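Below is input_4.cif, which holds mmCIF, C-alpha atoms.
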```cif
data_model
loop_
_atom_site.group_PDB
_atom_site.id
_atom_site.type_symbol
_atom_site.label_atom_id
_atom_site.label_comp_id
_atom_site.auth_asym_id
_atom_site.auth_seq_id
_atom_site.Cartn_x
_atom_site.Cartn_y
_atom_site.Cartn_z
ATOM 1 C CA MET A 2 17.860 -30.229 -11.216
ATOM 2 C CA ASP A 3 17.369 -26.961 -13.138
ATOM 3 C CA LEU A 4 18.037 -23.884 -10.965
ATOM 4 C CA ALA A 5 15.451 -21.897 -12.953
ATOM 5 C CA LEU A 6 12.798 -24.450 -11.997
ATOM 6 C CA LEU A 7 13.839 -24.245 -8.346
ATOM 7 C CA ARG A 8 13.700 -20.443 -8.432
ATOM 8 C CA THR A 9 10.175 -20.566 -9.830
ATOM 9 C CA PHE A 10 9.198 -23.176 -7.250
ATOM 10 C CA VAL A 11 10.510 -21.143 -4.305
ATOM 11 C CA THR A 12 8.764 -18.009 -5.607
ATOM 12 C CA VAL A 13 5.443 -19.874 -5.856
ATOM 13 C CA HIS A 14 5.978 -21.329 -2.376
ATOM 14 C CA ARG A 15 6.521 -17.854 -0.917
ATOM 15 C CA ALA A 16 3.768 -16.183 -2.940
ATOM 16 C CA GLY A 17 1.146 -18.878 -2.398
ATOM 17 C CA SER A 18 -0.123 -18.285 -5.921
ATOM 18 C CA PHE A 19 0.948 -19.058 -9.488
ATOM 19 C CA THR A 20 -0.455 -15.703 -10.605
ATOM 20 C CA ARG A 21 1.475 -13.661 -8.052
ATOM 21 C CA ALA A 22 4.668 -15.646 -8.635
ATOM 22 C CA ALA A 23 4.361 -15.057 -12.383
ATOM 23 C CA ALA A 24 4.174 -11.303 -11.804
ATOM 24 C CA LEU A 25 7.250 -11.381 -9.552
ATOM 25 C CA LEU A 26 9.239 -13.455 -12.028
ATOM 26 C CA GLY A 27 8.144 -11.564 -15.123
ATOM 27 C CA LEU A 28 6.692 -14.751 -16.627
ATOM 28 C CA SER A 29 3.252 -15.728 -17.860
ATOM 29 C CA GLN A 30 1.102 -17.845 -15.567
ATOM 30 C CA PRO A 31 1.108 -20.784 -18.042
ATOM 31 C CA ALA A 32 4.922 -20.679 -18.056
ATOM 32 C CA VAL A 33 5.018 -20.867 -14.255
ATOM 33 C CA THR A 34 2.480 -23.703 -14.259
ATOM 34 C CA SER A 35 4.528 -25.587 -16.853
ATOM 35 C CA GLN A 36 7.756 -25.180 -14.863
ATOM 36 C CA ILE A 37 6.125 -26.444 -11.669
ATOM 37 C CA ARG A 38 4.710 -29.470 -13.498
ATOM 38 C CA THR A 39 8.158 -30.208 -14.952
ATOM 39 C CA LEU A 40 9.721 -30.035 -11.477
ATOM 40 C CA GLU A 41 6.968 -32.269 -10.053
ATOM 41 C CA ARG A 42 7.712 -34.860 -12.741
ATOM 42 C CA GLN A 43 11.412 -34.728 -11.844
ATOM 43 C CA VAL A 44 10.695 -35.091 -8.124
ATOM 44 C CA GLY A 45 8.030 -37.702 -8.725
ATOM 45 C CA ARG A 46 5.634 -36.182 -6.230
ATOM 46 C CA PRO A 47 3.157 -33.272 -6.212
ATOM 47 C CA LEU A 48 4.624 -30.110 -4.687
ATOM 48 C CA PHE A 49 1.429 -28.056 -4.390
ATOM 49 C CA LEU A 50 -2.258 -28.643 -3.838
ATOM 50 C CA ARG A 51 -4.351 -26.432 -6.110
ATOM 51 C CA ARG A 52 -7.028 -24.465 -4.227
ATOM 52 C CA ALA A 53 -9.799 -22.122 -5.329
ATOM 53 C CA ARG A 54 -7.568 -19.221 -4.273
ATOM 54 C CA GLY A 55 -3.894 -19.980 -4.762
ATOM 55 C CA VAL A 56 -1.929 -23.096 -3.854
ATOM 56 C CA THR A 57 -0.862 -24.857 -0.670
ATOM 57 C CA PRO A 58 2.469 -26.714 -0.500
ATOM 58 C CA THR A 59 2.461 -30.423 0.165
ATOM 59 C CA THR A 60 4.733 -31.889 2.826
ATOM 60 C CA ILE A 61 7.290 -32.662 0.104
ATOM 61 C CA GLY A 62 6.894 -29.122 -1.235
ATOM 62 C CA ASP A 63 7.567 -27.608 2.179
ATOM 63 C CA GLU A 64 10.618 -29.804 2.683
ATOM 64 C CA LEU A 65 12.068 -28.908 -0.712
ATOM 65 C CA ALA A 66 11.445 -25.193 -0.189
ATOM 66 C CA HIS A 67 13.166 -25.163 3.185
ATOM 67 C CA LYS A 68 16.183 -26.954 1.716
ATOM 68 C CA ALA A 69 16.430 -24.976 -1.535
ATOM 69 C CA ALA A 70 15.493 -21.412 -0.530
ATOM 70 C CA PRO A 71 18.617 -20.544 1.533
ATOM 71 C CA HIS A 72 20.921 -21.711 -1.266
ATOM 72 C CA LEU A 73 18.986 -19.789 -3.940
ATOM 73 C CA ASP A 74 19.093 -16.676 -1.760
ATOM 74 C CA ALA A 75 22.852 -17.117 -1.349
ATOM 75 C CA LEU A 76 23.297 -17.410 -5.121
ATOM 76 C CA LEU A 77 21.238 -14.255 -5.576
ATOM 77 C CA GLU A 78 23.476 -12.464 -3.072
ATOM 78 C CA ILE A 79 26.586 -13.502 -5.015
ATOM 79 C CA THR A 80 25.034 -12.340 -8.283
ATOM 80 C CA GLU A 81 23.873 -9.012 -6.881
ATOM 81 C CA SER A 82 27.201 -8.357 -5.147
ATOM 82 C CA GLY A 83 28.855 -8.452 -8.542
ATOM 83 C CA LEU A 84 26.604 -5.593 -9.640
ATOM 84 C CA ASP A 85 27.263 -3.528 -6.546
ATOM 85 C CA ASP A 86 30.317 -1.569 -7.626
ATOM 86 C CA GLU A 87 31.137 2.124 -7.737
ATOM 87 C CA SER A 88 29.848 2.549 -11.278
ATOM 88 C CA SER A 89 26.468 0.949 -10.627
ATOM 89 C CA LEU A 90 23.794 3.010 -8.929
ATOM 90 C CA ARG A 91 20.847 0.779 -8.037
ATOM 91 C CA THR A 92 17.329 2.108 -7.569
ATOM 92 C CA LEU A 93 15.445 1.428 -4.335
ATOM 93 C CA HIS A 94 11.647 1.567 -4.527
ATOM 94 C CA LEU A 95 10.278 2.490 -1.098
ATOM 95 C CA ALA A 96 6.607 2.612 -0.100
ATOM 96 C CA GLY A 97 4.867 3.654 3.098
ATOM 97 C CA PRO A 98 2.419 6.028 4.781
ATOM 98 C CA PRO A 99 3.023 9.618 3.595
ATOM 99 C CA GLU A 100 3.617 11.345 6.926
ATOM 100 C CA PHE A 101 5.911 8.760 8.530
ATOM 101 C CA THR A 102 7.823 8.188 5.304
ATOM 102 C CA ALA A 103 8.333 11.915 4.758
ATOM 103 C CA GLU A 104 9.177 12.831 8.352
ATOM 104 C CA ARG A 105 11.151 9.758 9.426
ATOM 105 C CA ALA A 106 12.239 7.352 6.682
ATOM 106 C CA LEU A 107 13.316 9.684 3.894
ATOM 107 C CA PRO A 108 15.567 11.885 6.079
ATOM 108 C CA ALA A 109 17.172 8.731 7.503
ATOM 109 C CA LEU A 110 17.869 7.327 4.036
ATOM 110 C CA THR A 111 19.263 10.552 2.551
ATOM 111 C CA GLY A 112 22.829 9.706 3.584
ATOM 112 C CA LEU A 113 22.630 6.378 1.773
ATOM 113 C CA THR A 114 21.374 7.644 -1.574
ATOM 114 C CA GLY A 115 23.749 8.531 -4.355
ATOM 115 C CA LEU A 116 22.242 12.030 -4.370
ATOM 116 C CA THR A 117 24.660 13.322 -1.734
ATOM 117 C CA GLY A 118 27.655 12.479 -3.886
ATOM 118 C CA ASP A 119 29.740 11.243 -0.962
ATOM 119 C CA ASN A 120 28.557 7.645 -0.847
ATOM 120 C CA LYS A 121 29.799 5.646 -3.817
ATOM 121 C CA GLN A 122 27.806 2.600 -2.719
ATOM 122 C CA GLY A 123 24.530 4.487 -2.467
ATOM 123 C CA PHE A 124 21.371 4.131 -4.505
ATOM 124 C CA ALA A 125 18.764 6.128 -6.312
ATOM 125 C CA LEU A 126 15.448 6.386 -4.484
ATOM 126 C CA ARG A 127 11.852 6.239 -5.725
ATOM 127 C CA THR A 128 9.029 6.643 -3.213
ATOM 128 C CA SER A 129 5.326 5.773 -3.217
ATOM 129 C CA PHE A 130 2.719 6.646 -0.592
ATOM 130 C CA GLY A 131 -0.305 4.536 0.286
ATOM 131 C CA THR A 132 -2.318 2.713 2.917
ATOM 132 C CA ALA A 133 -0.948 -0.405 4.588
ATOM 133 C CA GLU A 134 -3.029 -2.621 2.293
ATOM 134 C CA GLU A 135 -1.943 -0.782 -0.855
ATOM 135 C CA THR A 136 1.694 -0.798 0.235
ATOM 136 C CA LEU A 137 1.832 -4.521 1.031
ATOM 137 C CA ASP A 138 -0.059 -5.449 -2.136
ATOM 138 C CA GLY A 139 2.423 -3.404 -4.179
ATOM 139 C CA LEU A 140 5.373 -5.018 -2.429
ATOM 140 C CA SER A 141 3.920 -8.487 -3.008
ATOM 141 C CA ALA A 142 3.434 -7.699 -6.695
ATOM 142 C CA GLY A 143 7.045 -6.554 -7.062
ATOM 143 C CA HIS A 144 6.307 -2.848 -7.501
ATOM 144 C CA HIS A 145 8.330 -1.913 -4.389
ATOM 145 C CA ASP A 146 11.544 -3.221 -2.806
ATOM 146 C CA LEU A 147 10.940 -2.087 0.758
ATOM 147 C CA ALA A 148 7.760 -1.109 2.574
ATOM 148 C CA ILE A 149 6.855 0.535 5.862
ATOM 149 C CA SER A 150 3.550 -0.720 7.206
ATOM 150 C CA THR A 151 1.442 -0.562 10.355
ATOM 151 C CA VAL A 152 0.198 -4.091 9.556
ATOM 152 C CA ARG A 153 2.371 -7.183 10.000
ATOM 153 C CA PRO A 154 1.930 -9.315 6.857
ATOM 154 C CA ARG A 155 1.126 -13.007 6.983
ATOM 155 C CA GLY A 156 2.420 -15.816 4.835
ATOM 156 C CA GLY A 157 5.851 -16.619 3.490
ATOM 157 C CA LEU A 158 6.073 -14.131 0.637
ATOM 158 C CA LEU A 159 6.833 -11.130 2.867
ATOM 159 C CA THR A 160 9.172 -10.827 5.846
ATOM 160 C CA ALA A 161 8.584 -8.130 8.480
ATOM 161 C CA ALA A 162 10.810 -6.675 11.194
ATOM 162 C CA PRO A 163 9.477 -4.324 13.927
ATOM 163 C CA LEU A 164 10.768 -0.840 13.169
ATOM 164 C CA CYS A 165 9.487 1.406 15.975
ATOM 165 C CA ASP A 166 6.479 2.269 18.124
ATOM 166 C CA GLU A 167 4.537 5.469 17.604
ATOM 167 C CA GLU A 168 2.966 7.159 20.646
ATOM 168 C CA HIS A 169 -0.385 8.869 20.105
ATOM 169 C CA VAL A 170 -1.303 12.131 21.831
ATOM 170 C CA LEU A 171 -4.659 13.881 22.182
ATOM 171 C CA VAL A 172 -3.989 17.547 21.372
ATOM 172 C CA ALA A 173 -5.843 20.805 20.822
ATOM 173 C CA ALA A 174 -5.128 24.527 20.653
ATOM 174 C CA PRO A 175 -4.745 26.090 24.133
ATOM 175 C CA ARG A 176 -8.160 27.780 24.022
ATOM 176 C CA TRP A 177 -9.911 24.428 23.704
ATOM 177 C CA ALA A 178 -7.929 22.983 26.619
ATOM 178 C CA GLU A 179 -9.732 25.345 28.994
ATOM 179 C CA ARG A 180 -12.990 23.504 28.270
ATOM 180 C CA THR A 181 -11.550 20.215 29.526
ATOM 181 C CA ASP A 182 -10.670 21.579 32.979
ATOM 182 C CA SER A 183 -14.105 21.071 34.534
ATOM 183 C CA PRO A 184 -14.209 18.974 37.759
ATOM 184 C CA LYS A 185 -13.804 15.246 37.108
ATOM 185 C CA PRO A 186 -14.750 12.260 39.275
ATOM 186 C CA ARG A 187 -11.813 10.937 41.245
ATOM 187 C CA HIS A 188 -9.942 7.968 39.784
ATOM 188 C CA LYS A 189 -11.692 8.376 36.447
ATOM 189 C CA VAL A 190 -10.309 9.680 33.159
ATOM 190 C CA VAL A 191 -13.069 11.640 31.427
ATOM 191 C CA PRO A 192 -13.068 12.288 27.655
ATOM 192 C CA PRO A 193 -13.256 15.877 26.383
ATOM 193 C CA PRO A 194 -16.701 17.437 25.979
ATOM 194 C CA GLU A 195 -18.610 16.519 22.828
ATOM 195 C CA THR A 196 -18.864 20.227 22.009
ATOM 196 C CA ILE A 197 -15.181 20.375 21.022
ATOM 197 C CA PRO A 198 -14.863 19.701 17.268
ATOM 198 C CA LEU A 199 -12.880 16.656 16.136
ATOM 199 C CA VAL A 200 -10.310 16.713 13.308
ATOM 200 C CA GLU A 201 -9.474 13.370 11.668
ATOM 201 C CA VAL A 202 -8.010 11.700 8.585
ATOM 202 C CA HIS A 203 -11.109 9.624 7.743
ATOM 203 C CA GLU A 204 -14.828 9.489 8.486
ATOM 204 C CA SER A 205 -14.273 6.256 10.429
ATOM 205 C CA LEU A 206 -12.152 8.227 12.957
ATOM 206 C CA PRO A 207 -9.326 5.635 13.106
ATOM 207 C CA PHE A 208 -6.983 7.594 15.388
ATOM 208 C CA ALA A 209 -9.651 8.946 17.738
ATOM 209 C CA SER A 210 -11.452 5.587 17.979
ATOM 210 C CA ARG A 211 -8.254 3.779 18.911
ATOM 211 C CA TYR A 212 -7.347 6.430 21.494
ATOM 212 C CA TRP A 213 -10.846 6.553 23.044
ATOM 213 C CA ALA A 214 -10.963 2.757 23.343
ATOM 214 C CA SER A 215 -7.537 2.612 25.003
ATOM 215 C CA VAL A 216 -7.755 5.622 27.332
ATOM 216 C CA PHE A 217 -11.464 6.210 27.959
ATOM 217 C CA ASP A 218 -12.807 2.692 27.333
ATOM 218 C CA SER A 219 -15.452 4.172 25.073
ATOM 219 C CA ARG A 220 -16.026 5.465 21.546
ATOM 220 C CA PRO A 221 -15.893 9.110 20.417
ATOM 221 C CA ALA A 222 -19.358 10.571 20.784
ATOM 222 C CA ALA A 223 -18.775 13.314 18.214
ATOM 223 C CA SER A 224 -18.341 12.859 14.477
ATOM 224 C CA GLY A 225 -15.474 14.450 12.595
ATOM 225 C CA THR A 226 -15.957 18.155 11.975
ATOM 226 C CA VAL A 227 -12.901 18.410 9.713
ATOM 227 C CA ILE A 228 -11.747 15.382 7.689
ATOM 228 C CA VAL A 229 -8.444 15.705 5.833
ATOM 229 C CA PRO A 230 -6.434 12.651 4.658
ATOM 230 C CA ASP A 231 -2.994 13.765 5.844
ATOM 231 C CA LEU A 232 -1.832 13.960 9.455
ATOM 232 C CA ARG A 233 0.289 17.018 8.719
ATOM 233 C CA ALA A 234 -2.816 18.822 7.513
ATOM 234 C CA VAL A 235 -4.666 17.614 10.631
ATOM 235 C CA LEU A 236 -1.966 19.234 12.775
ATOM 236 C CA ALA A 237 -2.213 22.488 10.813
ATOM 237 C CA CYS A 238 -5.994 22.546 11.378
ATOM 238 C CA VAL A 239 -5.559 21.907 15.119
ATOM 239 C CA VAL A 240 -2.960 24.685 15.417
ATOM 240 C CA ALA A 241 -5.410 26.990 13.646
ATOM 241 C CA GLY A 242 -8.026 26.192 16.290
ATOM 242 C CA ALA A 243 -10.285 23.815 14.341
ATOM 243 C CA GLY A 244 -10.619 21.416 17.269
ATOM 244 C CA LEU A 245 -8.896 18.458 18.879
ATOM 245 C CA ALA A 246 -7.133 15.509 17.240
ATOM 246 C CA VAL A 247 -5.115 12.409 18.043
ATOM 247 C CA LEU A 248 -1.653 12.670 16.492
ATOM 248 C CA PRO A 249 1.672 10.827 16.628
ATOM 249 C CA ARG A 250 3.923 12.515 19.180
ATOM 250 C CA TYR A 251 6.835 12.791 16.724
ATOM 251 C CA LEU A 252 4.620 14.799 14.383
ATOM 252 C CA CYS A 253 3.348 17.286 16.953
ATOM 253 C CA ALA A 254 6.364 17.446 19.309
ATOM 254 C CA ALA A 255 7.577 20.803 17.969
ATOM 255 C CA ALA A 256 4.075 22.307 18.147
ATOM 256 C CA LEU A 257 3.749 21.069 21.750
ATOM 257 C CA GLU A 258 7.086 22.646 22.646
ATOM 258 C CA ARG A 259 6.018 25.978 21.101
ATOM 259 C CA ARG A 260 2.643 25.752 22.920
ATOM 260 C CA GLU A 261 0.806 25.975 19.613
ATOM 261 C CA VAL A 262 -1.051 22.892 20.837
ATOM 262 C CA VAL A 263 -1.327 21.275 24.257
ATOM 263 C CA ALA A 264 -1.827 17.668 25.324
ATOM 264 C CA LEU A 265 -5.285 17.186 26.817
ATOM 265 C CA HIS A 266 -4.325 13.959 28.561
ATOM 266 C CA GLU A 267 -1.095 12.253 29.604
ATOM 267 C CA PRO A 268 -2.169 8.649 30.297
ATOM 268 C CA ALA A 269 0.195 6.417 32.245
ATOM 269 C CA VAL A 270 0.201 3.979 29.321
ATOM 270 C CA PRO A 271 -0.207 5.944 26.092
ATOM 271 C CA PRO A 272 -1.697 4.255 23.025
ATOM 272 C CA LEU A 273 0.984 2.957 20.685
ATOM 273 C CA ARG A 274 1.078 1.836 17.073
ATOM 274 C CA THR A 275 3.891 -0.348 15.715
ATOM 275 C CA TYR A 276 5.543 0.175 12.345
ATOM 276 C CA PHE A 277 7.059 -2.759 10.474
ATOM 277 C CA LEU A 278 9.802 -2.787 7.865
ATOM 278 C CA VAL A 279 8.771 -5.303 5.203
ATOM 279 C CA VAL A 280 10.583 -6.933 2.274
ATOM 280 C CA ARG A 281 9.839 -9.825 -0.043
ATOM 281 C CA THR A 282 11.442 -12.885 1.473
ATOM 282 C CA GLY A 283 14.908 -13.428 0.042
ATOM 283 C CA THR A 284 15.448 -9.925 -1.345
ATOM 284 C CA LEU A 285 17.695 -8.864 1.535
ATOM 285 C CA ALA A 286 20.340 -10.694 -0.481
ATOM 286 C CA MET A 287 20.359 -7.603 -2.702
ATOM 287 C CA PRO A 288 22.943 -5.213 -1.219
ATOM 288 C CA HIS A 289 21.069 -1.936 -1.838
ATOM 289 C CA ILE A 290 17.918 -3.301 -0.181
ATOM 290 C CA ALA A 291 19.925 -4.763 2.701
ATOM 291 C CA ARG A 292 21.718 -1.434 3.295
ATOM 292 C CA ALA A 293 18.483 0.558 3.346
ATOM 293 C CA HIS A 294 16.859 -2.032 5.639
ATOM 294 C CA GLU A 295 19.790 -1.943 8.069
ATOM 295 C CA TRP A 296 20.029 1.845 7.990
ATOM 296 C CA LEU A 297 16.350 2.342 8.807
ATOM 297 C CA LEU A 298 16.494 -0.140 11.684
ATOM 298 C CA ARG A 299 19.564 1.633 13.041
ATOM 299 C CA ALA A 300 17.974 5.080 12.690
ATOM 300 C CA ALA A 301 14.765 3.896 14.354
ATOM 301 C CA ALA A 302 16.679 3.126 17.550
ATOM 302 C CA ASP A 303 17.014 6.906 18.085
ATOM 303 C CA TRP A 304 13.384 7.780 17.231
ATOM 304 C CA SER A 305 11.185 8.677 20.146
#
```
Would you write the structure of this file as structure tokens?
Amino acid sequence: MDLALLRTFVTVHRAGSFTRAAALLGLSQPAVTSQIRTLERQVGRPLFLRRARGVTPTTIGDELAHKAAPHLDALLEITESGLDDESSLRTLHLAGPPEFTAERALPALTGLTGLTGDNKQGFALRTSFGTAEETLDGLSAGHHDLAISTVRPRGGLLTAAPLCDEEHVLVAAPRWAERTDSPKPRHKVVPPPETIPLVEVHESLPFASRYWASVFDSRPAASGTVIVPDLRAVLACVVAGAGLAVLPRYLCAAALERREVVALHEPAVPPLRTYFLVVRTGTLAMPHIARAHEWLLRAAADWS
């Protein structure tokens, strides 16, 4: 059985689509369709059921994929290991949310890149920023090698590992905190007054809405006074006195320590958001991707 046909088959099985598999393989869709038909003739059974949107593997298709995929991944690892020598600097394409990638991931990966000059088995690094949907779509299409996402992907094309949890904190400049000190009913956590302006990253108030639902069991009554699509800019606005905001603790920890902002609430169970480290299934056989993946997981153990 032709290994090229098996590679195409496994890619289609993981992608769930001839079109997406063609993009990953650098082939035309008719070429992928032809290879799958050839393999089906060799096997003597249909491997996929064609649907309006993509394909679904048959029982035989699932069985073949589970038998063939580990061996193809092992062959890929052998091939890639031969390229991983001192004279070969591979390029890692990383994608993720701008703030977390800039503040957490990139500093952690710096020691692995070839830019420092002291790691002969490093790699060059190219970075893209985007939403979770944009990032996972780009990874699926083969534009990225490794992605950081707040959404766990479904299906067999992508494989996700929990990276870390991000604690969210409701913060404001000290002068606004004085307005939240009015008497409160016992045993009840009361949200800040509606008169305090709200700073957010989007009109839909994603951070504030999640925090209000978790801590106050309600929705924010106020609309966003300042909307800026970068959490670092949100923090700068809050420090300047623009209002209150919900921010990741890692991002505002230094400002809290300097008393530039204060936490308005310290709930017993703070709202959390989980980050996932995502790759296309099978690509951890590539040494430079595997090293970056391992390094980020190891670094995340010390993030708090």
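Closest approach to Ala24 of chain A from the set A:Ser215, A:Thr39, A:Ser141, A:Thr60 is made by A:Ser141, with distances taken over all atoms listed in the file.
For the pair atom CA of Gly157 of chain A and atom CA of Pro98 of chain A, the separation is 22.9 Å.
Remark: for Leu7 of chain A, the closest of the candidate residues A:Leu245, A:Ala66, A:Ala23, A:Ala53 is A:Ala66 (distances computed over only C-alpha atoms).
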(message) If we count all atoms listed in the file and set the cut-off at 8 Å, which residues sit around Asp74 of chain A, ignoring sequence neighbours fewer than 6 positions away in its own chain? Please answer as a PyMOL selection string.
(response) chain A and resi 283-284+286
(request) To verify the selection step, state as an MDAnalysis selection string which residues the PyMOL selection byres ((chain A and resi 259-265) around 9) yields on this input. (result) chainID A and resid 170:175 178 181 193 236 239:242 245 253:258 266:267
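Every protein or nucleic acid residue with an atom no more than 7 Å from segment 224-232 of chain A, counting all atoms listed in the file and leaving out same-chain residues fewer than 2 positions away, appears here: A:Glu100, A:Pro198, A:Leu199, A:Val200, A:Glu201, A:Val202, A:His203, A:Glu204, A:Ala222, A:Ala234, A:Val235, A:Leu236.
Among A:Ala96, A:Ala300, A:Val56, A:Ala142, the residue with the shortest atom-to-atom distance to Leu26 of chain A, counting all atoms listed in the file, is A:Ala142.
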Here's a test: counting all atoms listed in the file, identify every protein, DNA and RNA residue with an atom at most 10 Å from (-0.9, -11.1, -10.1) in the file's coordinate frame, and state them as a short mmCIF file (atom, residue, chain, number, x, y, z; two decimals) with C-alpha atoms, in the coordinates of the input.
```cif
data_model
loop_
_atom_site.label_atom_id
_atom_site.label_comp_id
_atom_site.auth_asym_id
_atom_site.auth_seq_id
_atom_site.Cartn_x
_atom_site.Cartn_y
_atom_site.Cartn_z
CA ALA A 16 3.77 -16.18 -2.94
CA SER A 18 -0.12 -18.28 -5.92
CA PHE A 19 0.95 -19.06 -9.49
CA THR A 20 -0.46 -15.70 -10.60
CA ARG A 21 1.48 -13.66 -8.05
CA ALA A 22 4.67 -15.65 -8.64
CA ALA A 23 4.36 -15.06 -12.38
CA ALA A 24 4.17 -11.30 -11.80
CA LEU A 25 7.25 -11.38 -9.55
CA SER A 29 3.25 -15.73 -17.86
CA GLN A 30 1.10 -17.84 -15.57
CA ASP A 138 -0.06 -5.45 -2.14
CA SER A 141 3.92 -8.49 -3.01
CA ALA A 142 3.43 -7.70 -6.70
CA GLY A 143 7.04 -6.55 -7.06
#
```
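Compared by their closest atoms to Glu104 of chain A, and using all atoms listed in the file, the residues A:Arg233, A:Arg281, A:His289, A:Arg46 rank with A:Arg233 nearest.
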(request) Name the closest residue to Asp166 of chain A among the candidates A:Thr34, A:Thr57, A:Thr275, A:Ser150; distances are taken between atoms, counting all atoms listed in the file. (result) A:Thr275
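Reported to one decimal place, the separation of atom CA of Lys68 of chain A from atom CA of Leu93 of chain A is 29.0 Å.
Nearest residue to Gly97 of chain A, choosing from A:Glu179, A:Asp146, A:Glu41, A:Asp3 and counting all atoms listed in the file: A:Asp146.
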(message) So the first atom is atom CA of Leu95 of chain A and the second is atom CA of Thr9 of chain A; what is the distance between them in Å, to one decimal place?
(response) 24.7 Å
(request) Write out as a list of chain:residue names which residues come within 9 Å of Leu285 of chain A when counting only C-alpha atoms, dropping same-chain ones fewer than 6 positions away. (result) A:Asp74, A:Glu78, A:Ala291, A:Arg292, A:His294
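The residues returned by the PyMOL selection byres ((chain A and resi 221) around 10) for this structure are A:Pro192, A:Pro193, A:Glu195, A:Leu199, A:Leu206, A:Ala209, A:Ser210, A:Arg211, A:Tyr212, A:Trp213, A:Ala214, A:Phe217, A:Asp218, A:Ser219, A:Arg220, A:Ala222, A:Ala223, A:Ser224, A:Gly225.
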Can I get a file of segment 133-185 of chain A from the given structure, C-alpha atoms kept, as a PDB file, in the first residue's frame?
```pdb
ATOM      1  CA  ALA A 133      -9.330  32.044  19.471  1.00  0.00           C
ATOM      2  CA  GLU A 134     -11.385  31.379  16.333  1.00  0.00           C
ATOM      3  CA  GLU A 135      -8.846  33.036  14.036  1.00  0.00           C
ATOM      4  CA  THR A 136      -5.956  31.241  15.722  1.00  0.00           C
ATOM      5  CA  LEU A 137      -7.500  27.764  15.514  1.00  0.00           C
ATOM      6  CA  ASP A 138      -8.647  28.294  11.926  1.00  0.00           C
ATOM      7  CA  GLY A 139      -5.106  29.338  10.983  1.00  0.00           C
ATOM      8  CA  LEU A 140      -3.623  26.328  12.746  1.00  0.00           C
ATOM      9  CA  SER A 141      -6.087  24.001  11.015  1.00  0.00           C
ATOM     10  CA  ALA A 142      -5.189  25.511   7.644  1.00  0.00           C
ATOM     11  CA  GLY A 143      -1.468  24.989   8.253  1.00  0.00           C
ATOM     12  CA  HIS A 144      -0.557  28.657   8.686  1.00  0.00           C
ATOM     13  CA  HIS A 145       0.724  28.084  12.248  1.00  0.00           C
ATOM     14  CA  ASP A 146       2.604  25.254  13.982  1.00  0.00           C
ATOM     15  CA  LEU A 147       1.527  25.942  17.548  1.00  0.00           C
ATOM     16  CA  ALA A 148      -1.391  27.910  18.953  1.00  0.00           C
ATOM     17  CA  ILE A 149      -2.458  29.226  22.339  1.00  0.00           C
ATOM     18  CA  SER A 150      -6.222  29.356  22.681  1.00  0.00           C
ATOM     19  CA  THR A 151      -8.885  29.912  25.323  1.00  0.00           C
ATOM     20  CA  VAL A 152     -11.127  27.476  23.406  1.00  0.00           C
ATOM     21  CA  ARG A 153     -10.540  23.716  23.400  1.00  0.00           C
ATOM     22  CA  PRO A 154     -10.886  22.541  19.778  1.00  0.00           C
ATOM     23  CA  ARG A 155     -13.060  19.616  18.773  1.00  0.00           C
ATOM     24  CA  GLY A 156     -12.419  16.916  16.229  1.00  0.00           C
ATOM     25  CA  GLY A 157      -9.343  14.914  15.363  1.00  0.00           C
ATOM     26  CA  LEU A 158      -7.392  17.476  13.361  1.00  0.00           C
ATOM     27  CA  LEU A 159      -6.177  19.426  16.405  1.00  0.00           C
ATOM     28  CA  THR A 160      -4.827  18.178  19.731  1.00  0.00           C
ATOM     29  CA  ALA A 161      -5.025  20.388  22.834  1.00  0.00           C
ATOM     30  CA  ALA A 162      -3.254  20.250  26.193  1.00  0.00           C
ATOM     31  CA  PRO A 163      -4.269  22.468  29.163  1.00  0.00           C
ATOM     32  CA  LEU A 164      -1.572  25.097  29.602  1.00  0.00           C
ATOM     33  CA  CYS A 165      -2.603  27.188  32.623  1.00  0.00           C
ATOM     34  CA  ASP A 166      -5.507  28.926  34.343  1.00  0.00           C
ATOM     35  CA  GLU A 167      -5.828  32.690  34.347  1.00  0.00           C
ATOM     36  CA  GLU A 168      -7.395  34.380  37.393  1.00  0.00           C
ATOM     37  CA  HIS A 169      -9.528  37.455  36.727  1.00  0.00           C
ATOM     38  CA  VAL A 170      -9.547  40.458  39.060  1.00  0.00           C
ATOM     39  CA  LEU A 171     -11.915  43.425  39.250  1.00  0.00           C
ATOM     40  CA  VAL A 172      -9.679  46.498  39.576  1.00  0.00           C
ATOM     41  CA  ALA A 173      -9.892  50.281  39.583  1.00  0.00           C
ATOM     42  CA  ALA A 174      -7.773  53.277  40.539  1.00  0.00           C
ATOM     43  CA  PRO A 175      -7.791  53.922  44.318  1.00  0.00           C
ATOM     44  CA  ARG A 176     -10.107  56.937  44.043  1.00  0.00           C
ATOM     45  CA  TRP A 177     -12.859  54.803  42.537  1.00  0.00           C
ATOM     46  CA  ALA A 178     -12.483  52.178  45.273  1.00  0.00           C
ATOM     47  CA  GLU A 179     -13.809  54.672  47.822  1.00  0.00           C
ATOM     48  CA  ARG A 180     -17.188  54.601  46.059  1.00  0.00           C
ATOM     49  CA  THR A 181     -17.546  50.858  46.638  1.00  0.00           C
ATOM     50  CA  ASP A 182     -17.198  51.112  50.428  1.00  0.00           C
ATOM     51  CA  SER A 183     -20.844  51.925  51.145  1.00  0.00           C
ATOM     52  CA  PRO A 184     -22.642  49.595  53.624  1.00  0.00           C
ATOM     53  CA  LYS A 185     -23.553  46.232  52.093  1.00  0.00           C
TER      54      LYS A 185
END
```
